[in-house]
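Engineer: So that you have it, the file is structure08.pdb, and it contains PDB, C-alpha atoms:
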ATOM      1  CA  MET K   1     -13.394 -68.765 130.841  1.00  0.00           C
ATOM      2  CA  ASN K   2     -15.528 -71.792 130.059  1.00  0.00           C
ATOM      3  CA  ARG K   3     -16.921 -72.274 126.596  1.00  0.00           C
ATOM      4  CA  TYR K   4     -20.411 -71.309 127.740  1.00  0.00           C
ATOM      5  CA  ASP K   5     -19.435 -67.845 128.996  1.00  0.00           C
ATOM      6  CA  LEU K   6     -21.537 -65.483 126.903  1.00  0.00           C
ATOM      7  CA  ALA K   7     -21.000 -62.399 129.084  1.00  0.00           C
ATOM      8  CA  GLU K   8     -20.012 -60.182 126.152  1.00  0.00           C
ATOM      9  CA  ASP K   9     -22.643 -61.492 123.740  1.00  0.00           C
ATOM     10  CA  VAL K  10     -25.904 -60.023 122.511  1.00  0.00           C
ATOM     11  CA  ALA K  11     -28.250 -62.535 120.916  1.00  0.00           C
ATOM     12  CA  ILE K  12     -31.450 -62.653 118.925  1.00  0.00           C
ATOM     13  CA  VAL K  13     -33.569 -65.764 119.486  1.00  0.00           C
ATOM     14  CA  THR K  14     -36.326 -66.217 116.926  1.00  0.00           C
ATOM     15  CA  GLY K  15     -39.363 -68.128 118.100  1.00  0.00           C
ATOM     16  CA  GLY K  16     -38.144 -67.165 121.557  1.00  0.00           C
ATOM     17  CA  ALA K  17     -41.481 -66.759 123.292  1.00  0.00           C
ATOM     18  CA  GLN K  18     -41.955 -70.476 123.887  1.00  0.00           C
ATOM     19  CA  GLY K  19     -40.616 -73.982 123.402  1.00  0.00           C
ATOM     20  CA  ILE K  20     -37.061 -74.564 122.236  1.00  0.00           C
ATOM     21  CA  GLY K  21     -36.490 -70.866 121.527  1.00  0.00           C
ATOM     22  CA  PHE K  22     -37.428 -69.948 125.091  1.00  0.00           C
ATOM     23  CA  ALA K  23     -35.103 -72.652 126.463  1.00  0.00           C
ATOM     24  CA  ILE K  24     -32.252 -71.371 124.275  1.00  0.00           C
ATOM     25  CA  ALA K  25     -32.838 -67.817 125.478  1.00  0.00           C
ATOM     26  CA  LYS K  26     -32.863 -68.934 129.108  1.00  0.00           C
ATOM     27  CA  ARG K  27     -29.605 -70.832 128.683  1.00  0.00           C
ATOM     28  CA  MET K  28     -27.961 -67.869 126.985  1.00  0.00           C
ATOM     29  CA  ILE K  29     -29.092 -65.496 129.731  1.00  0.00           C
ATOM     30  CA  ASP K  30     -27.917 -67.941 132.404  1.00  0.00           C
ATOM     31  CA  SER K  31     -24.550 -67.937 130.610  1.00  0.00           C
ATOM     32  CA  GLY K  32     -24.332 -64.139 130.707  1.00  0.00           C
ATOM     33  CA  ALA K  33     -25.723 -62.987 127.349  1.00  0.00           C
ATOM     34  CA  ARG K  34     -28.235 -60.243 126.769  1.00  0.00           C
ATOM     35  CA  VAL K  35     -31.070 -61.552 124.597  1.00  0.00           C
ATOM     36  CA  ARG K  36     -33.742 -60.051 122.354  1.00  0.00           C
ATOM     37  CA  LEU K  37     -36.618 -62.448 121.757  1.00  0.00           C
ATOM     38  CA  TRP K  38     -38.314 -62.295 118.359  1.00  0.00           C
ATOM     39  CA  ASP K  39     -41.738 -63.808 117.912  1.00  0.00           C
ATOM     40  CA  ILE K  40     -45.103 -62.936 116.370  1.00  0.00           C
ATOM     41  CA  ASP K  41     -47.211 -63.574 119.481  1.00  0.00           C
ATOM     42  CA  ALA K  42     -47.288 -60.367 121.548  1.00  0.00           C
ATOM     43  CA  GLY K  43     -48.847 -61.968 124.612  1.00  0.00           C
ATOM     44  CA  LEU K  44     -46.364 -64.825 124.774  1.00  0.00           C
ATOM     45  CA  LEU K  45     -43.475 -62.419 124.115  1.00  0.00           C
ATOM     46  CA  GLU K  46     -44.415 -60.191 127.031  1.00  0.00           C
ATOM     47  CA  THR K  47     -44.782 -63.135 129.409  1.00  0.00           C
ATOM     48  CA  ALA K  48     -41.530 -64.747 128.251  1.00  0.00           C
ATOM     49  CA  ALA K  49     -39.484 -61.552 128.496  1.00  0.00           C
ATOM     50  CA  LYS K  50     -40.777 -60.805 131.990  1.00  0.00           C
ATOM     51  CA  SER K  51     -39.977 -64.320 133.182  1.00  0.00           C
ATOM     52  CA  LEU K  52     -36.423 -64.150 131.785  1.00  0.00           C
ATOM     53  CA  GLY K  53     -35.602 -60.919 133.604  1.00  0.00           C
ATOM     54  CA  GLU K  54     -33.662 -57.760 132.929  1.00  0.00           C
ATOM     55  CA  ARG K  55     -31.143 -59.272 130.507  1.00  0.00           C
ATOM     56  CA  CYS K  56     -34.016 -60.010 128.123  1.00  0.00           C
ATOM     57  CA  SER K  57     -36.055 -57.785 125.859  1.00  0.00           C
ATOM     58  CA  ALA K  58     -38.598 -58.660 123.210  1.00  0.00           C
ATOM     59  CA  ALA K  59     -39.806 -57.478 119.826  1.00  0.00           C
ATOM     60  CA  MET K  60     -42.574 -58.626 117.548  1.00  0.00           C
ATOM     61  CA  VAL K  61     -40.766 -59.557 114.343  1.00  0.00           C
ATOM     62  CA  ASP K  62     -42.294 -61.589 111.532  1.00  0.00           C
ATOM     63  CA  ILE K  63     -39.270 -63.386 110.080  1.00  0.00           C
ATOM     64  CA  THR K  64     -41.139 -63.956 106.808  1.00  0.00           C
ATOM     65  CA  ASP K  65     -40.764 -60.200 106.203  1.00  0.00           C
ATOM     66  CA  PHE K  66     -37.197 -59.323 105.160  1.00  0.00           C
ATOM     67  CA  GLU K  67     -37.548 -55.619 105.970  1.00  0.00           C
ATOM     68  CA  ALA K  68     -38.932 -56.449 109.429  1.00  0.00           C
ATOM     69  CA  CYS K  69     -35.871 -58.644 110.022  1.00  0.00           C
ATOM     70  CA  ARG K  70     -33.550 -55.868 108.881  1.00  0.00           C
ATOM     71  CA  ALA K  71     -35.240 -53.298 111.108  1.00  0.00           C
ATOM     72  CA  GLY K  72     -35.259 -55.721 114.035  1.00  0.00           C
ATOM     73  CA  ALA K  73     -31.534 -56.426 113.732  1.00  0.00           C
ATOM     74  CA  GLU K  74     -30.748 -52.716 113.414  1.00  0.00           C
ATOM     75  CA  SER K  75     -32.818 -52.077 116.533  1.00  0.00           C
ATOM     76  CA  VAL K  76     -30.811 -54.636 118.508  1.00  0.00           C
ATOM     77  CA  VAL K  77     -27.537 -52.970 117.548  1.00  0.00           C
ATOM     78  CA  GLU K  78     -28.950 -49.517 118.311  1.00  0.00           C
ATOM     79  CA  ASP K  79     -30.395 -50.546 121.676  1.00  0.00           C
ATOM     80  CA  MET K  80     -27.737 -53.005 122.862  1.00  0.00           C
ATOM     81  CA  GLY K  81     -24.574 -51.821 121.149  1.00  0.00           C
ATOM     82  CA  LYS K  82     -23.872 -54.893 119.066  1.00  0.00           C
ATOM     83  CA  LEU K  83     -25.243 -58.196 117.817  1.00  0.00           C
ATOM     84  CA  SER K  84     -23.087 -61.307 118.087  1.00  0.00           C
ATOM     85  CA  VAL K  85     -25.376 -64.367 118.129  1.00  0.00           C
ATOM     86  CA  LEU K  86     -28.415 -65.554 116.190  1.00  0.00           C
ATOM     87  CA  ALA K  87     -30.386 -68.565 117.368  1.00  0.00           C
ATOM     88  CA  ASN K  88     -32.998 -69.162 114.696  1.00  0.00           C
ATOM     89  CA  SER K  89     -35.571 -71.295 116.450  1.00  0.00           C
ATOM     90  CA  ALA K  90     -38.775 -70.107 114.783  1.00  0.00           C
ATOM     91  CA  GLY K  91     -40.453 -72.749 112.693  1.00  0.00           C
ATOM     92  CA  ILE K  92     -43.622 -74.670 112.043  1.00  0.00           C
ATOM     93  CA  SER K  93     -44.272 -78.237 111.037  1.00  0.00           C
ATOM     94  CA  GLY K  94     -47.514 -77.681 109.188  1.00  0.00           C
ATOM     95  CA  LYS K  95     -50.399 -80.024 108.760  1.00  0.00           C
ATOM     96  CA  ASN K  96     -49.960 -83.763 109.215  1.00  0.00           C
ATOM     97  CA  THR K  97     -51.546 -85.245 106.124  1.00  0.00           C
ATOM     98  CA  THR K  98     -50.752 -86.790 102.767  1.00  0.00           C
ATOM     99  CA  VAL K  99     -49.180 -84.760  99.989  1.00  0.00           C
ATOM    100  CA  ALA K 100     -52.358 -85.204  97.953  1.00  0.00           C
ATOM    101  CA  ASP K 101     -54.436 -83.574 100.699  1.00  0.00           C
ATOM    102  CA  TYR K 102     -51.901 -80.944 101.805  1.00  0.00           C
ATOM    103  CA  PRO K 103     -53.236 -77.400 101.223  1.00  0.00           C
ATOM    104  CA  ILE K 104     -50.970 -75.364  98.946  1.00  0.00           C
ATOM    105  CA  ASP K 105     -51.324 -72.196 101.047  1.00  0.00           C
ATOM    106  CA  GLU K 106     -50.256 -74.061 104.170  1.00  0.00           C
ATOM    107  CA  TRP K 107     -47.238 -75.540 102.369  1.00  0.00           C
ATOM    108  CA  GLN K 108     -46.258 -72.048 101.205  1.00  0.00           C
ATOM    109  CA  ARG K 109     -46.461 -70.810 104.815  1.00  0.00           C
ATOM    110  CA  VAL K 110     -44.147 -73.634 105.992  1.00  0.00           C
ATOM    111  CA  ILE K 111     -41.618 -72.778 103.262  1.00  0.00           C
ATOM    112  CA  GLU K 112     -41.889 -69.044 103.895  1.00  0.00           C
ATOM    113  CA  LEU K 113     -41.261 -69.376 107.623  1.00  0.00           C
ATOM    114  CA  ASN K 114     -38.838 -72.291 107.804  1.00  0.00           C
ATOM    115  CA  LEU K 115     -36.776 -71.621 104.692  1.00  0.00           C
ATOM    116  CA  ASN K 116     -37.101 -67.966 103.730  1.00  0.00           C
ATOM    117  CA  GLY K 117     -37.291 -66.819 107.353  1.00  0.00           C
ATOM    118  CA  THR K 118     -34.050 -68.642 108.109  1.00  0.00           C
ATOM    119  CA  PHE K 119     -32.409 -67.030 105.082  1.00  0.00           C
ATOM    120  CA  TYR K 120     -33.683 -63.553 105.980  1.00  0.00           C
ATOM    121  CA  THR K 121     -32.536 -63.693 109.609  1.00  0.00           C
ATOM    122  CA  ASN K 122     -29.109 -65.015 108.679  1.00  0.00           C
ATOM    123  CA  LYS K 123     -28.723 -62.402 105.940  1.00  0.00           C
ATOM    124  CA  VAL K 124     -29.455 -59.455 108.238  1.00  0.00           C
ATOM    125  CA  VAL K 125     -27.287 -60.762 111.062  1.00  0.00           C
TER     126      VAL K 125
END
Translate this structure into structure tokens?
Structural biologist:
Amino acid sequence: MNRYDLAEDVAIVTGGAQGIGFAIAKRMIDSGARVRLWDIDAGLLETAAKSLGERCSAAMVDITDFEACRAGAESVVEDMGKLSVLANSAGISGKNTTVADYPIDEWQRVIELNLNGTFYTNKVV
């Protein structure tokens, strides 16, 4: 077995509907894993899951909501029998501006998604 054989693994990929998350999901599927994409964009999720094939499913999960993360992880175990991998790829960079001009609500959204969302997903997995 090579080190990229994921045939027995079930993974969640956050931010999996596009970008790096989508590429991670594709690589995992190509290596044998079953993958559940988590994202907040229903349209992108549907398109991504269809393009990745039968080893992929998708769920709208807002990782800034701890209870949504918990329910999403429980759903993976219920539907797929286990959960062995988390690839936390969801994140935003926020506005490109000076600190003086940076909107507080936007900064709070960056922290909520990038920091708290990472904590929540790791905690439930």
Engineer: Please enumerate the residues selected by the PyMOL selection byres ((chain K and resi 27) around 12) when evaluated against the supplied file, formatted as a ChimeraX atom specification.
Structural biologist: /K:4-6,11,13,16,20-26,28-35,52,55-56,87
Engineer: Write out as lines of an AutoDock Vina configuration file an axis-aligned box for segment 33-43 of chain K: all of its atoms listed in the file, 3 Å added on each side, centre and edge lengths in Å with one decimal.
Structural biologist:
center_x = -37.3
center_y = -61.9
center_z = 121.9
size_x = 29.1
size_y = 9.8
size_z = 17.0
Engineer: So which residues get picked by the PyMOL selection byres ((chain K and resi 112-117) around 10) here, written as a PDB file with C-alpha atoms, keeping the file's coordinate frame?
Structural biologist:
ATOM      1  CA  THR K  14     -36.326 -66.217 116.926  1.00  0.00           C
ATOM      2  CA  ASP K  62     -42.294 -61.589 111.532  1.00  0.00           C
ATOM      3  CA  ILE K  63     -39.270 -63.386 110.080  1.00  0.00           C
ATOM      4  CA  THR K  64     -41.139 -63.956 106.808  1.00  0.00           C
ATOM      5  CA  ASP K  65     -40.764 -60.200 106.203  1.00  0.00           C
ATOM      6  CA  PHE K  66     -37.197 -59.323 105.160  1.00  0.00           C
ATOM      7  CA  CYS K  69     -35.871 -58.644 110.022  1.00  0.00           C
ATOM      8  CA  ASN K  88     -32.998 -69.162 114.696  1.00  0.00           C
ATOM      9  CA  SER K  89     -35.571 -71.295 116.450  1.00  0.00           C
ATOM     10  CA  ALA K  90     -38.775 -70.107 114.783  1.00  0.00           C
ATOM     11  CA  GLY K  91     -40.453 -72.749 112.693  1.00  0.00           C
ATOM     12  CA  ILE K  92     -43.622 -74.670 112.043  1.00  0.00           C
ATOM     13  CA  SER K  93     -44.272 -78.237 111.037  1.00  0.00           C
ATOM     14  CA  GLU K 106     -50.256 -74.061 104.170  1.00  0.00           C
ATOM     15  CA  TRP K 107     -47.238 -75.540 102.369  1.00  0.00           C
ATOM     16  CA  GLN K 108     -46.258 -72.048 101.205  1.00  0.00           C
ATOM     17  CA  ARG K 109     -46.461 -70.810 104.815  1.00  0.00           C
ATOM     18  CA  VAL K 110     -44.147 -73.634 105.992  1.00  0.00           C
ATOM     19  CA  ILE K 111     -41.618 -72.778 103.262  1.00  0.00           C
ATOM     20  CA  THR K 118     -34.050 -68.642 108.109  1.00  0.00           C
ATOM     21  CA  PHE K 119     -32.409 -67.030 105.082  1.00  0.00           C
ATOM     22  CA  TYR K 120     -33.683 -63.553 105.980  1.00  0.00           C
ATOM     23  CA  THR K 121     -32.536 -63.693 109.609  1.00  0.00           C
ATOM     24  CA  ASN K 122     -29.109 -65.015 108.679  1.00  0.00           C
ATOM     25  CA  LYS K 123     -28.723 -62.402 105.940  1.00  0.00           C
TER      26      LYS K 123
END
Engineer: Which is closer to Val10 of chain K than all the others in K:Leu37, K:Ala48, K:Met60, K:Ala71, using all atoms listed in the file?
Structural biologist: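 Ranking K:Leu37, K:Ala48, K:Met60, K:Ala71 by distance to Val10 of chain K, first place goes to K:Leu37.
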Engineer: Which of these, K:Ile40, K:Gly15, K:Val124, K:Asn96, has the shortest distance to Ser84 of chain K once you count all atoms listed in the file?
Structural biologist: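 Of K:Ile40, K:Gly15, K:Val124, K:Asn96, the one nearest Ser84 of chain K, counting all atoms listed in the file, is K:Val124.
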Engineer: Grab the atom CA of Ala17 of chain K to atom CA of Glu78 of chain K distance for me, in Å with one decimal place.
Structural biologist: 21.9 Å
Engineer: Rounded to one decimal in Å, what is the spacing between atom CA of Ala49 of chain K and atom CA of Val76 of chain K?
Structural biologist: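 Atom CA of Val76 of chain K lies at a distance of 14.9 Å from atom CA of Ala49 of chain K.
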Engineer: Using Å and a single decimal, report how far atom CA of Gln18 of chain K sits from atom CA of Asp79 of chain K.
Structural biologist: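 Spanning atom CA of Asp79 of chain K to atom CA of Gln18 of chain K is a straight-line distance of 23.1 Å.
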Engineer: Restricting the calculation to only C-alpha atoms, which member of K:Gly94, K:Val85, K:Val125, K:Ala58 is positioned closest to Ala73 of chain K?
Structural biologist: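 Closest residue, counting only C-alpha atoms: K:Val125.
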Engineer: Give the answer as one residue: which of K:Val61, K:Val99, K:Ala68, K:Ile12 has the shortest atom-to-atom distance to Lys82 of chain K, using all atoms listed in the file?
Structural biologist: K:Ile12
Engineer: Which residue is closest to Trp38 of chain K? Choose from K:Thr97, K:Ala59, K:Ile104, K:Leu86 and count all atoms listed in the file.
Structural biologist: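 Among K:Thr97, K:Ala59, K:Ile104, K:Leu86, it is K:Ala59 that comes nearest to Trp38 of chain K.
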